[in-house]
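See below for run-v2.cif, which holds mmCIF, C-alpha atoms; chains and numbers go by the auth columns.
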data_entry
loop_
_atom_site.group_PDB
_atom_site.id
_atom_site.type_symbol
_atom_site.label_atom_id
_atom_site.label_comp_id
_atom_site.label_asym_id
_atom_site.label_seq_id
_atom_site.Cartn_x
_atom_site.Cartn_y
_atom_site.Cartn_z
_atom_site.B_iso_or_equiv
_atom_site.auth_seq_id
_atom_site.auth_asym_id
ATOM 1 C CA MET A 1 -176.606 -96.363 22.829 0.00 1 A
ATOM 2 C CA LYS A 2 -180.094 -95.105 21.999 0.00 2 A
ATOM 3 C CA LYS A 3 -181.606 -98.073 23.829 0.00 3 A
ATOM 4 C CA ILE A 4 -179.648 -97.243 26.996 0.00 4 A
ATOM 5 C CA SER A 5 -180.661 -93.589 26.710 0.00 5 A
ATOM 6 C CA LEU A 6 -184.286 -94.629 26.322 0.00 6 A
ATOM 7 C CA VAL A 7 -184.303 -96.853 29.402 0.00 7 A
ATOM 8 C CA ILE A 8 -182.555 -94.202 31.513 0.00 8 A
ATOM 9 C CA MET A 9 -185.045 -91.569 30.381 0.00 9 A
ATOM 10 C CA ALA A 10 -188.006 -93.863 31.059 0.00 10 A
ATOM 11 C CA LEU A 11 -186.767 -94.629 34.575 0.00 11 A
ATOM 12 C CA PHE A 12 -186.052 -90.944 35.204 0.00 12 A
ATOM 13 C CA TYR A 13 -189.645 -89.966 34.415 0.00 13 A
ATOM 14 C CA ILE A 14 -191.182 -92.938 36.203 0.00 14 A
ATOM 15 C CA PHE A 15 -189.300 -92.109 39.404 0.00 15 A
ATOM 16 C CA ALA A 16 -189.883 -88.361 39.055 0.00 16 A
ATOM 17 C CA GLY A 17 -193.589 -88.971 38.493 0.00 17 A
ATOM 18 C CA ALA A 18 -193.828 -91.259 41.509 0.00 18 A
ATOM 19 C CA ASN A 19 -192.126 -88.594 43.605 0.00 19 A
ATOM 20 C CA HIS A 20 -195.000 -86.196 42.866 0.00 20 A
ATOM 21 C CA PHE A 21 -197.248 -88.557 44.831 0.00 21 A
ATOM 22 C CA ARG A 22 -194.685 -89.410 47.501 0.00 22 A
ATOM 23 C CA ASP A 23 -193.803 -85.773 48.267 0.00 23 A
ATOM 24 C CA PRO A 24 -196.317 -83.376 46.675 0.00 24 A
ATOM 25 C CA ASP A 25 -195.297 -80.549 49.038 0.00 25 A
ATOM 26 C CA PHE A 26 -191.915 -80.429 47.312 0.00 26 A
ATOM 27 C CA TYR A 27 -193.645 -79.488 44.048 0.00 27 A
ATOM 28 C CA MET A 28 -196.314 -77.314 45.646 0.00 28 A
ATOM 29 C CA ARG A 29 -193.609 -74.909 46.806 0.00 29 A
ATOM 30 C CA ILE A 30 -192.615 -74.031 43.248 0.00 30 A
ATOM 31 C CA MET A 31 -196.118 -73.641 41.820 0.00 31 A
ATOM 32 C CA PRO A 32 -196.666 -70.114 40.500 0.00 32 A
ATOM 33 C CA PRO A 33 -199.485 -68.394 42.406 0.00 33 A
ATOM 34 C CA TYR A 34 -201.341 -67.511 39.197 0.00 34 A
ATOM 35 C CA LEU A 35 -202.037 -71.208 38.523 0.00 35 A
ATOM 36 C CA PRO A 36 -205.132 -72.674 40.179 0.00 36 A
ATOM 37 C CA TRP A 37 -205.491 -76.046 41.906 0.00 37 A
ATOM 38 C CA HIS A 38 -201.855 -76.533 42.827 0.00 38 A
ATOM 39 C CA LEU A 39 -202.215 -80.006 44.319 0.00 39 A
ATOM 40 C CA VAL A 40 -204.315 -81.227 41.391 0.00 40 A
ATOM 41 C CA LEU A 41 -201.721 -79.923 38.928 0.00 41 A
ATOM 42 C CA VAL A 42 -198.907 -81.585 40.885 0.00 42 A
ATOM 43 C CA TYR A 43 -200.758 -84.903 40.718 0.00 43 A
ATOM 44 C CA ILE A 44 -201.597 -84.461 37.024 0.00 44 A
ATOM 45 C CA SER A 45 -197.981 -83.706 36.136 0.00 45 A
ATOM 46 C CA GLY A 46 -196.819 -86.643 38.251 0.00 46 A
ATOM 47 C CA ALA A 47 -199.284 -88.987 36.571 0.00 47 A
ATOM 48 C CA ALA A 48 -198.191 -87.684 33.167 0.00 48 A
ATOM 49 C CA GLU A 49 -194.542 -88.378 34.001 0.00 49 A
ATOM 50 C CA LEU A 50 -195.370 -91.893 35.214 0.00 50 A
ATOM 51 C CA ILE A 51 -197.499 -92.729 32.184 0.00 51 A
ATOM 52 C CA LEU A 52 -195.165 -91.179 29.627 0.00 52 A
ATOM 53 C CA GLY A 53 -192.101 -92.759 31.216 0.00 53 A
ATOM 54 C CA ALA A 54 -193.714 -96.197 31.104 0.00 54 A
ATOM 55 C CA ALA A 55 -194.991 -95.600 27.563 0.00 55 A
ATOM 56 C CA LEU A 56 -191.420 -94.995 26.392 0.00 56 A
ATOM 57 C CA LEU A 57 -190.817 -98.696 27.033 0.00 57 A
ATOM 58 C CA VAL A 58 -193.672 -99.731 24.719 0.00 58 A
ATOM 59 C CA PRO A 59 -192.427 -99.646 21.120 0.00 59 A
ATOM 60 C CA LYS A 60 -195.794 -98.676 19.600 0.00 60 A
ATOM 61 C CA LEU A 61 -196.156 -95.789 22.073 0.00 61 A
ATOM 62 C CA ARG A 62 -192.536 -94.654 22.220 0.00 62 A
ATOM 63 C CA GLN A 63 -192.700 -91.746 19.760 0.00 63 A
ATOM 64 C CA TRP A 64 -195.969 -90.431 21.205 0.00 64 A
ATOM 65 C CA ALA A 65 -194.554 -90.681 24.717 0.00 65 A
ATOM 66 C CA ALA A 66 -191.420 -88.779 23.727 0.00 66 A
ATOM 67 C CA TRP A 67 -193.537 -86.010 22.164 0.00 67 A
ATOM 68 C CA GLY A 68 -195.656 -85.981 25.323 0.00 68 A
ATOM 69 C CA ILE A 69 -192.538 -85.467 27.421 0.00 69 A
ATOM 70 C CA VAL A 70 -191.443 -82.580 25.189 0.00 70 A
ATOM 71 C CA LEU A 71 -194.832 -80.929 25.738 0.00 71 A
ATOM 72 C CA LEU A 72 -194.777 -81.696 29.464 0.00 72 A
ATOM 73 C CA LEU A 73 -191.369 -80.064 29.836 0.00 73 A
ATOM 74 C CA PHE A 74 -192.728 -76.885 28.268 0.00 74 A
ATOM 75 C CA ALA A 75 -195.823 -77.066 30.478 0.00 75 A
ATOM 76 C CA VAL A 76 -193.885 -77.290 33.743 0.00 76 A
ATOM 77 C CA TYR A 77 -191.316 -74.644 32.810 0.00 77 A
ATOM 78 C CA PRO A 78 -193.279 -71.844 34.528 0.00 78 A
ATOM 79 C CA ALA A 79 -192.587 -73.580 37.859 0.00 79 A
ATOM 80 C CA ASN A 80 -188.848 -73.382 37.173 0.00 80 A
ATOM 81 C CA ILE A 81 -189.153 -69.710 36.263 0.00 81 A
ATOM 82 C CA TYR A 82 -191.199 -69.007 39.382 0.00 82 A
ATOM 83 C CA GLN A 83 -188.671 -70.782 41.597 0.00 83 A
ATOM 84 C CA TYR A 84 -185.936 -68.597 40.109 0.00 84 A
ATOM 85 C CA GLN A 85 -188.001 -65.404 40.491 0.00 85 A
ATOM 86 C CA VAL A 86 -188.667 -65.974 44.186 0.00 86 A
ATOM 87 C CA GLY A 87 -185.131 -67.008 45.028 0.00 87 A
ATOM 88 C CA GLY A 88 -185.670 -70.715 45.465 0.00 88 A
ATOM 89 C CA ALA A 89 -189.264 -70.822 46.759 0.00 89 A
ATOM 90 C CA GLY A 90 -188.108 -71.801 50.216 0.00 90 A
ATOM 91 C CA PHE A 91 -185.395 -74.191 49.050 0.00 91 A
ATOM 92 C CA ASP A 92 -181.954 -73.348 50.366 0.00 92 A
ATOM 93 C CA VAL A 93 -180.097 -73.477 47.060 0.00 93 A
ATOM 94 C CA PRO A 94 -177.508 -71.118 45.620 0.00 94 A
ATOM 95 C CA HIS A 95 -178.624 -68.644 42.972 0.00 95 A
ATOM 96 C CA TRP A 96 -176.433 -70.298 40.339 0.00 96 A
ATOM 97 C CA VAL A 97 -178.262 -73.619 40.832 0.00 97 A
ATOM 98 C CA LEU A 98 -181.557 -71.913 39.995 0.00 98 A
ATOM 99 C CA ILE A 99 -180.026 -70.501 36.818 0.00 99 A
ATOM 100 C CA VAL A 100 -178.635 -73.903 35.829 0.00 100 A
ATOM 101 C CA ARG A 101 -182.065 -75.426 36.451 0.00 101 A
ATOM 102 C CA LEU A 102 -183.635 -72.933 34.043 0.00 102 A
ATOM 103 C CA PHE A 103 -181.224 -73.970 31.298 0.00 103 A
ATOM 104 C CA LEU A 104 -181.332 -77.681 32.159 0.00 104 A
ATOM 105 C CA GLN A 105 -184.773 -77.828 30.591 0.00 105 A
ATOM 106 C CA LEU A 106 -183.218 -77.391 27.135 0.00 106 A
ATOM 107 C CA PRO A 107 -181.135 -80.597 27.153 0.00 107 A
ATOM 108 C CA LEU A 108 -184.085 -82.460 28.694 0.00 108 A
ATOM 109 C CA ILE A 109 -186.262 -81.315 25.792 0.00 109 A
ATOM 110 C CA ALA A 110 -183.533 -82.275 23.304 0.00 110 A
ATOM 111 C CA TRP A 111 -183.184 -85.684 24.975 0.00 111 A
ATOM 112 C CA ALA A 112 -186.912 -86.350 24.665 0.00 112 A
ATOM 113 C CA TYR A 113 -186.924 -85.037 21.090 0.00 113 A
ATOM 114 C CA TYR A 114 -184.117 -87.481 20.255 0.00 114 A
ATOM 115 C CA HIS A 115 -186.554 -90.285 21.055 0.00 115 A
ATOM 116 C CA THR A 116 -189.364 -88.898 18.871 0.00 116 A
ATOM 117 C CA ARG A 117 -187.576 -90.336 15.853 0.00 117 A
ATOM 118 C CA PRO A 118 -188.041 -94.014 15.000 0.00 118 A
ATOM 119 C CA ASP A 119 -184.990 -96.192 15.333 0.00 119 A
ATOM 120 C CA PRO A 120 -185.212 -99.587 13.632 0.00 120 A
ATOM 121 C CA ASP A 121 -182.517 -100.943 15.957 0.00 121 A
ATOM 122 C CA ILE A 122 -184.745 -100.629 19.033 0.00 122 A
ATOM 123 C CA LEU A 123 -188.159 -101.642 17.743 0.00 123 A
ATOM 124 C CA GLU A 124 -188.185 -104.573 20.131 0.00 124 A
ATOM 125 C CA PRO A 125 -189.212 -103.941 23.768 0.00 125 A
ATOM 126 C CA ALA A 126 -186.658 -101.810 25.570 0.00 126 A
ATOM 127 C CA LEU A 127 -186.435 -104.091 28.593 0.00 127 A
#

For this file, produce the structure as structure tokens.
Amino acid sequence: MKKISLVIMALFYIFAGANHFRDPDFYMRIMPPYLPWHLVLVYISGAAELILGAALLVPKLRQWAAWGIVLLLFAVYPANIYQYQVGGAGFDVPHWVLIVRLFLQLPLIAWAYYHTRPDPDILEPAL
């Protein structure tokens, strides 16, 4: 089960990271105004998601990648807060969705943390 979880998480971050480059405007809309260099930060966070997602599939890098994702999720949380504060940042979503998104970060952090622990059953390559 942990192996399946790992592959799903890796693919999730690889695709999410790629989307930062495919559609940076989507992410620019939720950048808090107090942060500088919005486009650069969108690309950096996208690259981090791509790299960390791929690194999850490399057994020697897996734990470091999972810790990196935990840190990344904390780093991008201000964008979620900002989107909630401004009522969606131009996205036509119900208020309750914005609240759910704020709390969704917690299970994502727990999911990444789950993979910070070594598991002798999945020391071989995940794919």

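Here atom CA of Leu106 of chain A stands at a distance of 9.0 Å from atom CA of Leu73 of chain A.
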
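Distance check against Ala110 of chain A using only C-alpha atoms: of A:Phe21, A:Leu71, A:Leu50, A:Tyr43, the minimum falls on A:Leu71.
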
(request) Point out the residue among A:Tyr84, A:Tyr27, A:Phe15, A:Trp37 with the least atom-to-atom distance to Ile51 of chain A, counting all atoms listed in the file. (result) A:Phe15

(message) I need the residue nearest Arg101 of chain A from this list: A:Ser45, A:Thr116, A:Gln85, A:Asn80. Use all atoms listed in the file for the distance.
(response)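 Counting all atoms listed in the file, the residue closest to Arg101 of chain A is A:Asn80.
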
(request) Write out as a list in words the residues lying within 10 Å of Pro78 of chain A, counting all atoms listed in the file and excluding same-chain residues fewer than 5 positions away. (result)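 Once the nearby chain positions are removed, what remains is Ile30, Met31, Pro32, Leu35, Leu73, Gln83, Tyr84 and Leu102 of chain A.
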
(message) Considering all atoms listed in the file, can you say which of A:Pro94, A:Lys60, A:Arg22, A:Leu41 comes closest to Asp119 of chain A?
(response) A:Lys60

(message) My list of candidates is A:Ala54, A:Leu39, A:Val76, A:Ala47. Which is closest to Leu6 of chain A when distances are computed with only C-alpha atoms?
(response)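 Comparing A:Ala54, A:Leu39, A:Val76, A:Ala47 against Leu6 of chain A, the winner is A:Ala54.
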
(message) Restricting the calculation to all atoms listed in the file: of A:Leu98, A:Ala48, A:Met9, A:Phe91, which residue gets closest to Phe26 of chain A?
(response)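 Checking each of A:Leu98, A:Ala48, A:Met9, A:Phe91 against Phe26 of chain A, counting all atoms listed in the file, the winner is A:Phe91.
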
(message) Given the point (-178.2, -96.2, 24.7) in the coordinates of this file, which residues lie within 12 Å, counting all atoms listed in the file, and how would they look as a PyMOL selection string?
(response) chain A and resi 1-10+111+114-115+119+121-122+126

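The two atoms in question, atom CA of Val42 of chain A and atom CA of Pro59 of chain A, are spaced 27.5 Å apart.
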
(request) Would you mind reading off the distance between atom CA of Pro33 of chain A and atom CA of Tyr82 of chain A, one decimal, in Å? (result)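 One can read the atom CA of Pro33 of chain A to atom CA of Tyr82 of chain A distance as 8.8 Å.
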
(request) Taking the file above as input, evaluate the PyMOL selection byres ((chain A and resi 52) around 10) and report the hits as an NGL selection string. (result) :A and (10 or 13-14 or 17 or 46-51 or 53-58 or 61-62 or 64-69 or 72)
